[in-house]
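Undergrad: Dumping the structure here so I can ask a few things about it.
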Amino acid sequence: MSIRLRGVGAFVTTMKRARDVQDAGSNARRCRHAMMATATAASNSTAPSSATSTPISSSPAPPIYLAEGLMAVHKPLTWTSQDVVAYIRGILTRDAKDRGAKEGNGNGNNKQRGRRKKQMMKVGHGGTLDPLASGVLVLGIGKGTTMLQSYLEGDKHYTASCELGYETDTLDAEGKLVKTAPWDHVQDITAVEAIIPTFSGKIEQIPPMYSAIRVDGKRLYEIARKDPDKAEDVEIPKREVEIFDLQADTALEESVINSGVVDGPKYREAAEALEAAAAAAAAAAAAAAAAA
């Protein structure tokens with residue numbers, strides 16, 4: 001699986017450079033300490049026995065964080081947002097331990113929350129992306145976790161593909177089929193474009209049951225998966241959203257394909273297969289009409 005974590009690479013590279021500088025400083029301090037110890041030993045050999053050597057102070061323990069703040073990560077398909085958080089936390093934790101950092105030497109508050117296991121590194125994300133979605137995920141490191149709330153607001157840009165003729169219980173490709181409907185009347189993209197205005201502007205939506213929204217302190221998808229019977233009785237409040245621009249097409253733009261948010265080769269292969277099937281169906285329909 002190709003994982004695009006360019007931001008992580010830059011962050012880790014920065015830490016490694018900082019660590020190299022820190023290691024160089026540590027080596028210089030050790031040399032100075034060795035020279036002081038040698039000079040002290042030499043003076044003690046000629047001084048009266050009552051003289052005592054000057055104590056040498058130990059260097060402070062390395063900090064947990066070499067940098068704190070925000071970073072952007074390209075979340076790959078099938079990964080949950082928490083998978084990315086755990087992956088990045090693992091990289092940073094291993095680096096901190098390699099440098100000799102210990103818990104309690106961080107720059108921020110690292111208190112244990114409730115009964116959760118105390119983590120050496122504070123890492124969080126600024127908004128959940130579904131496993132079937134890929135794109136930018138904002139992460140907070142250390143004190144940066146306190147800045148994540150602001151990234152839950154603001155405008156967002158989505159690119160999605162859909163298939164007509166059926167509906168699932170999760171409203172995505174992973175769910176169970178719950179409804180089918182004919183769509184033979186949709187002859188071209190103009191039929192889809194005709195209904196776009198009804199989905200534009202300020203509208204009210206009922207979030208799907210399989211979403212990260214909390215109701216009575218629990219996330220909806222947790223209720224849906226653990227207790228499907230109870231999920232039917234959950235009242236999900238409507239939410240107002242504003243869609244500034246909505247466009248439909250029969251193919252993705254080349255810039256979207258090249259951005260990495262979709263698997264380019266697989267997408268092109270599927271698109272060619274659909275076009276071939278559509279051409280074959282059109283030819284069959286024309287032949288049947290000519291024979292009649």
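Convention: chains lettered A, B, ... in structure tokens order; per-chain residue numbering from 1; ligands numbered from 1 as shown.
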Report the residues of segment 55-200 of chain A whose backbone DSSP state falls under alpha helix (DSSP H), written as number ranges by chain.
TA: A: 81-98, 189-193
Undergrad: Could you name the residues that touch Pro208 of chain A at 9 Å or less, counting only C-alpha atoms, but leaving out those on the same chain fewer than 3 positions away, as a ChimeraX atom specification?
TA: /A:169-171,211,220-221,236
Undergrad: Those residues with C-alpha atoms, as a PDB file, in the first residue's frame please?
TA:
ATOM      1  CA  ASP A 169     -27.721   1.334   5.181  1.00  0.00           C
ATOM      2  CA  THR A 170     -24.436   3.210   5.630  1.00  0.00           C
ATOM      3  CA  LEU A 171     -24.953   5.458   2.577  1.00  0.00           C
ATOM      4  CA  SER A 211     -21.222   8.749  11.328  1.00  0.00           C
ATOM      5  CA  LEU A 220     -23.630   7.048  16.114  1.00  0.00           C
ATOM      6  CA  TYR A 221     -21.549   4.431  14.318  1.00  0.00           C
ATOM      7  CA  ILE A 236     -30.743  12.161  15.032  1.00  0.00           C
TER       8      ILE A 236
END
Undergrad: Would you give me, as a list of chain:residue names, the residues in segment 159-222 of chain A that DSSP reads as strand (DSSP E)?
TA: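 Selecting the strand (DSSP E) positions of segment 159-222 of chain A gives A:Tyr166, A:Glu167, A:Thr168, A:Leu177, A:Val178, A:Lys179, A:Thr180, A:Gly201, A:Lys202, A:Ile203, A:Glu204, A:Gln205, A:Arg214, A:Val215, A:Lys218, A:Arg219.
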Undergrad: Need the shell around segment 121-137 of chain A: protein/DNA/RNA residues with any atom at most 9 Å away, counting only C-alpha atoms. Skip same-chain ones fewer than 3 positions apart. Format as a PDB file with N, CA and C atoms, in the first residue's frame?
TA:
ATOM      1  N   ILE A  64      10.760  15.439  25.587  1.00  0.00           N
ATOM      2  CA  ILE A  64       9.970  14.515  24.775  1.00  0.00           C
ATOM      3  C   ILE A  64       9.749  15.086  23.380  1.00  0.00           C
ATOM      4  N   TYR A  65       9.365  16.372  23.314  1.00  0.00           N
ATOM      5  CA  TYR A  65       9.058  17.001  22.032  1.00  0.00           C
ATOM      6  C   TYR A  65      10.230  17.855  21.562  1.00  0.00           C
ATOM      7  N   MET A  71       0.388  19.796  11.791  1.00  0.00           N
ATOM      8  CA  MET A  71       0.948  19.250  10.562  1.00  0.00           C
ATOM      9  C   MET A  71      -0.189  18.639   9.741  1.00  0.00           C
ATOM     10  N   ALA A  72      -0.001  18.575   8.438  1.00  0.00           N
ATOM     11  CA  ALA A  72      -0.999  18.001   7.529  1.00  0.00           C
ATOM     12  C   ALA A  72      -0.499  16.663   7.013  1.00  0.00           C
ATOM     13  N   VAL A  73      -1.371  15.669   7.022  1.00  0.00           N
ATOM     14  CA  VAL A  73      -1.034  14.323   6.571  1.00  0.00           C
ATOM     15  C   VAL A  73      -2.028  13.904   5.492  1.00  0.00           C
ATOM     16  N   HIS A  74      -1.561  13.226   4.474  1.00  0.00           N
ATOM     17  CA  HIS A  74      -2.447  12.676   3.452  1.00  0.00           C
ATOM     18  C   HIS A  74      -2.931  11.309   3.935  1.00  0.00           C
ATOM     19  N   LYS A  75      -4.185  11.236   4.388  1.00  0.00           N
ATOM     20  CA  LYS A  75      -4.726   9.975   4.890  1.00  0.00           C
ATOM     21  C   LYS A  75      -5.061   9.052   3.717  1.00  0.00           C
ATOM     22  N   PRO A  76      -4.493   7.853   3.691  1.00  0.00           N
ATOM     23  CA  PRO A  76      -4.787   6.935   2.583  1.00  0.00           C
ATOM     24  C   PRO A  76      -6.127   6.240   2.763  1.00  0.00           C
ATOM     25  N   LEU A  77      -6.608   5.641   1.682  1.00  0.00           N
ATOM     26  CA  LEU A  77      -7.851   4.887   1.728  1.00  0.00           C
ATOM     27  C   LEU A  77      -7.741   3.715   2.702  1.00  0.00           C
ATOM     28  N   THR A  78      -8.842   3.357   3.311  1.00  0.00           N
ATOM     29  CA  THR A  78      -9.042   2.245   4.260  1.00  0.00           C
ATOM     30  C   THR A  78      -8.498   2.542   5.650  1.00  0.00           C
ATOM     31  N   TRP A  79      -7.652   3.552   5.793  1.00  0.00           N
ATOM     32  CA  TRP A  79      -7.142   3.912   7.121  1.00  0.00           C
ATOM     33  C   TRP A  79      -8.195   4.748   7.847  1.00  0.00           C
ATOM     34  N   THR A  80      -8.374   4.490   9.140  1.00  0.00           N
ATOM     35  CA  THR A  80      -9.187   5.377   9.949  1.00  0.00           C
ATOM     36  C   THR A  80      -8.315   6.560  10.390  1.00  0.00           C
ATOM     37  N   SER A  81      -8.961   7.627  10.803  1.00  0.00           N
ATOM     38  CA  SER A  81      -8.194   8.784  11.282  1.00  0.00           C
ATOM     39  C   SER A  81      -7.362   8.412  12.504  1.00  0.00           C
ATOM     40  N   GLN A  82      -7.919   7.521  13.329  1.00  0.00           N
ATOM     41  CA  GLN A  82      -7.185   7.094  14.523  1.00  0.00           C
ATOM     42  C   GLN A  82      -5.994   6.214  14.161  1.00  0.00           C
ATOM     43  N   VAL A  84      -4.055   6.773  11.642  1.00  0.00           N
ATOM     44  CA  VAL A  84      -2.999   7.740  11.316  1.00  0.00           C
ATOM     45  C   VAL A  84      -2.400   8.319  12.598  1.00  0.00           C
ATOM     46  N   VAL A  85      -3.266   8.668  13.562  1.00  0.00           N
ATOM     47  CA  VAL A  85      -2.780   9.214  14.826  1.00  0.00           C
ATOM     48  C   VAL A  85      -1.852   8.220  15.511  1.00  0.00           C
ATOM     49  N   ALA A  86      -2.255   6.944  15.568  1.00  0.00           N
ATOM     50  CA  ALA A  86      -1.437   5.922  16.216  1.00  0.00           C
ATOM     51  C   ALA A  86      -0.109   5.725  15.483  1.00  0.00           C
ATOM     52  N   ILE A  88       1.580   7.980  13.617  1.00  0.00           N
ATOM     53  CA  ILE A  88       2.460   9.124  13.855  1.00  0.00           C
ATOM     54  C   ILE A  88       2.961   9.118  15.298  1.00  0.00           C
ATOM     55  N   ARG A  89       2.074   8.806  16.237  1.00  0.00           N
ATOM     56  CA  ARG A  89       2.494   8.750  17.642  1.00  0.00           C
ATOM     57  C   ARG A  89       3.597   7.708  17.829  1.00  0.00           C
ATOM     58  N   GLY A  90       3.483   6.582  17.131  1.00  0.00           N
ATOM     59  CA  GLY A  90       4.510   5.553  17.240  1.00  0.00           C
ATOM     60  C   GLY A  90       5.858   6.035  16.737  1.00  0.00           C
ATOM     61  N   LEU A  92       6.957   9.184  16.588  1.00  0.00           N
ATOM     62  CA  LEU A  92       7.504  10.197  17.491  1.00  0.00           C
ATOM     63  C   LEU A  92       7.930   9.593  18.829  1.00  0.00           C
ATOM     64  N   THR A  93       7.177   8.616  19.308  1.00  0.00           N
ATOM     65  CA  THR A  93       7.526   7.976  20.582  1.00  0.00           C
ATOM     66  C   THR A  93       8.848   7.223  20.469  1.00  0.00           C
ATOM     67  N   ALA A  96      11.644   9.710  20.455  1.00  0.00           N
ATOM     68  CA  ALA A  96      11.896  10.286  21.782  1.00  0.00           C
ATOM     69  C   ALA A  96      12.661   9.303  22.661  1.00  0.00           C
ATOM     70  N   GLU A 103       9.121   9.964  30.154  1.00  0.00           N
ATOM     71  CA  GLU A 103       7.839  10.587  30.450  1.00  0.00           C
ATOM     72  C   GLU A 103       8.004  11.581  31.592  1.00  0.00           C
ATOM     73  N   GLY A 106       8.231  16.344  29.047  1.00  0.00           N
ATOM     74  CA  GLY A 106       7.608  17.043  27.927  1.00  0.00           C
ATOM     75  C   GLY A 106       7.459  18.521  28.210  1.00  0.00           C
ATOM     76  N   GLY A 108       4.615  20.092  27.460  1.00  0.00           N
ATOM     77  CA  GLY A 108       3.206  20.382  27.704  1.00  0.00           C
ATOM     78  C   GLY A 108       2.652  19.500  28.799  1.00  0.00           C
ATOM     79  N   ASN A 109       1.362  19.595  28.989  1.00  0.00           N
ATOM     80  CA  ASN A 109       0.702  18.813  30.022  1.00  0.00           C
ATOM     81  C   ASN A 109       0.486  17.395  29.526  1.00  0.00           C
ATOM     82  N   ASN A 110       0.946  16.415  30.248  1.00  0.00           N
ATOM     83  CA  ASN A 110       0.833  15.026  29.835  1.00  0.00           C
ATOM     84  C   ASN A 110       0.093  14.205  30.887  1.00  0.00           C
ATOM     85  N   LYS A 118      -1.935   6.187  29.816  1.00  0.00           N
ATOM     86  CA  LYS A 118      -1.173   7.411  29.620  1.00  0.00           C
ATOM     87  C   LYS A 118      -0.224   7.250  28.437  1.00  0.00           C
ATOM     88  N   GLY A 140      -2.398  17.418  15.395  1.00  0.00           N
ATOM     89  CA  GLY A 140      -1.776  18.275  16.391  1.00  0.00           C
ATOM     90  C   GLY A 140      -0.774  17.475  17.193  1.00  0.00           C
ATOM     91  N   ILE A 141       0.415  18.042  17.423  1.00  0.00           N
ATOM     92  CA  ILE A 141       1.472  17.391  18.179  1.00  0.00           C
ATOM     93  C   ILE A 141       1.732  18.211  19.434  1.00  0.00           C
ATOM     94  N   GLY A 142       1.682  17.579  20.612  1.00  0.00           N
ATOM     95  CA  GLY A 142       1.943  18.291  21.851  1.00  0.00           C
ATOM     96  C   GLY A 142       0.942  19.401  22.086  1.00  0.00           C
ATOM     97  N   LYS A 143       1.423  20.629  22.266  1.00  0.00           N
ATOM     98  CA  LYS A 143       0.540  21.765  22.500  1.00  0.00           C
ATOM     99  C   LYS A 143      -0.345  22.066  21.300  1.00  0.00           C
ATOM    100  N   GLY A 144       0.022  21.537  20.140  1.00  0.00           N
ATOM    101  CA  GLY A 144      -0.787  21.740  18.938  1.00  0.00           C
ATOM    102  C   GLY A 144      -2.160  21.098  19.032  1.00  0.00           C
ATOM    103  N   THR A 145      -2.322  20.120  19.947  1.00  0.00           N
ATOM    104  CA  THR A 145      -3.634  19.473  20.094  1.00  0.00           C
ATOM    105  C   THR A 145      -4.688  20.448  20.602  1.00  0.00           C
ATOM    106  N   MET A 147      -5.103  23.354  19.489  1.00  0.00           N
ATOM    107  CA  MET A 147      -5.475  24.228  18.376  1.00  0.00           C
ATOM    108  C   MET A 147      -6.371  23.523  17.362  1.00  0.00           C
ATOM    109  N   LEU A 148      -6.649  22.245  17.588  1.00  0.00           N
ATOM    110  CA  LEU A 148      -7.358  21.456  16.585  1.00  0.00           C
ATOM    111  C   LEU A 148      -8.829  21.823  16.438  1.00  0.00           C
ATOM    112  N   GLN A 149      -9.444  22.337  17.498  1.00  0.00           N
ATOM    113  CA  GLN A 149     -10.870  22.629  17.447  1.00  0.00           C
ATOM    114  C   GLN A 149     -11.208  23.600  16.317  1.00  0.00           C
ATOM    115  N   SER A 150     -10.306  24.514  16.030  1.00  0.00           N
ATOM    116  CA  SER A 150     -10.572  25.504  14.984  1.00  0.00           C
ATOM    117  C   SER A 150     -10.640  24.870  13.600  1.00  0.00           C
ATOM    118  N   TYR A 151     -10.080  23.658  13.443  1.00  0.00           N
ATOM    119  CA  TYR A 151     -10.096  23.009  12.140  1.00  0.00           C
ATOM    120  C   TYR A 151     -11.357  22.183  11.914  1.00  0.00           C
ATOM    121  N   LEU A 152     -12.253  22.142  12.891  1.00  0.00           N
ATOM    122  CA  LEU A 152     -13.536  21.481  12.708  1.00  0.00           C
ATOM    123  C   LEU A 152     -14.524  22.431  12.043  1.00  0.00           C
ATOM    124  N   ALA A 160     -16.229  13.272  -4.976  1.00  0.00           N
ATOM    125  CA  ALA A 160     -16.803  11.947  -4.722  1.00  0.00           C
ATOM    126  C   ALA A 160     -17.332  11.350  -6.018  1.00  0.00           C
ATOM    127  N   ASP A 172     -22.860   4.419   1.914  1.00  0.00           N
ATOM    128  CA  ASP A 172     -21.598   4.344   1.178  1.00  0.00           C
ATOM    129  C   ASP A 172     -21.458   2.938   0.619  1.00  0.00           C
ATOM    130  N   ALA A 173     -20.325   2.666  -0.008  1.00  0.00           N
ATOM    131  CA  ALA A 173     -20.145   1.387  -0.698  1.00  0.00           C
ATOM    132  C   ALA A 173     -19.951   0.212   0.250  1.00  0.00           C
ATOM    133  N   GLU A 174     -19.705   0.463   1.544  1.00  0.00           N
ATOM    134  CA  GLU A 174     -19.446  -0.631   2.485  1.00  0.00           C
ATOM    135  C   GLU A 174     -20.712  -1.244   3.066  1.00  0.00           C
ATOM    136  N   SER A 211     -22.025   7.528  11.347  1.00  0.00           N
ATOM    137  CA  SER A 211     -21.222   8.749  11.328  1.00  0.00           C
ATOM    138  C   SER A 211     -20.584   8.929  12.698  1.00  0.00           C
ATOM    139  N   ALA A 212     -19.652   9.876  12.795  1.00  0.00           N
ATOM    140  CA  ALA A 212     -18.914  10.093  14.037  1.00  0.00           C
ATOM    141  C   ALA A 212     -19.612  11.080  14.960  1.00  0.00           C
ATOM    142  N   GLY A 260      -3.735  12.025  -6.165  1.00  0.00           N
ATOM    143  CA  GLY A 260      -3.517  10.871  -5.297  1.00  0.00           C
ATOM    144  C   GLY A 260      -4.708  10.499  -4.433  1.00  0.00           C
ATOM    145  N   VAL A 261      -5.812  11.235  -4.532  1.00  0.00           N
ATOM    146  CA  VAL A 261      -6.970  10.904  -3.694  1.00  0.00           C
ATOM    147  C   VAL A 261      -7.715   9.692  -4.217  1.00  0.00           C
ATOM    148  N   VAL A 262      -7.426   9.273  -5.447  1.00  0.00           N
ATOM    149  CA  VAL A 262      -7.988   8.042  -5.992  1.00  0.00           C
ATOM    150  C   VAL A 262      -6.853   7.216  -6.579  1.00  0.00           C
TER     151      VAL A 262
END
Undergrad: Which is closest to Lys238 of chain A among A:Glu254, A:Glu68, A:Glu204, A:Glu269, if we use only C-alpha atoms?
TA: A:Glu204
Undergrad: May I ask for the distance between atom CA of Leu274 of chain A and atom CA of Lys179 of chain A, given in Å to one decimal place?
TA: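 Those two atoms sit 22.5 Å apart.
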Undergrad: Measuring between only C-alpha atoms, which one of A:Ala287, A:Gly69, A:Gly175, A:Gln205 shows the shortest distance to Val138 of chain A?
TA: A:Gly69
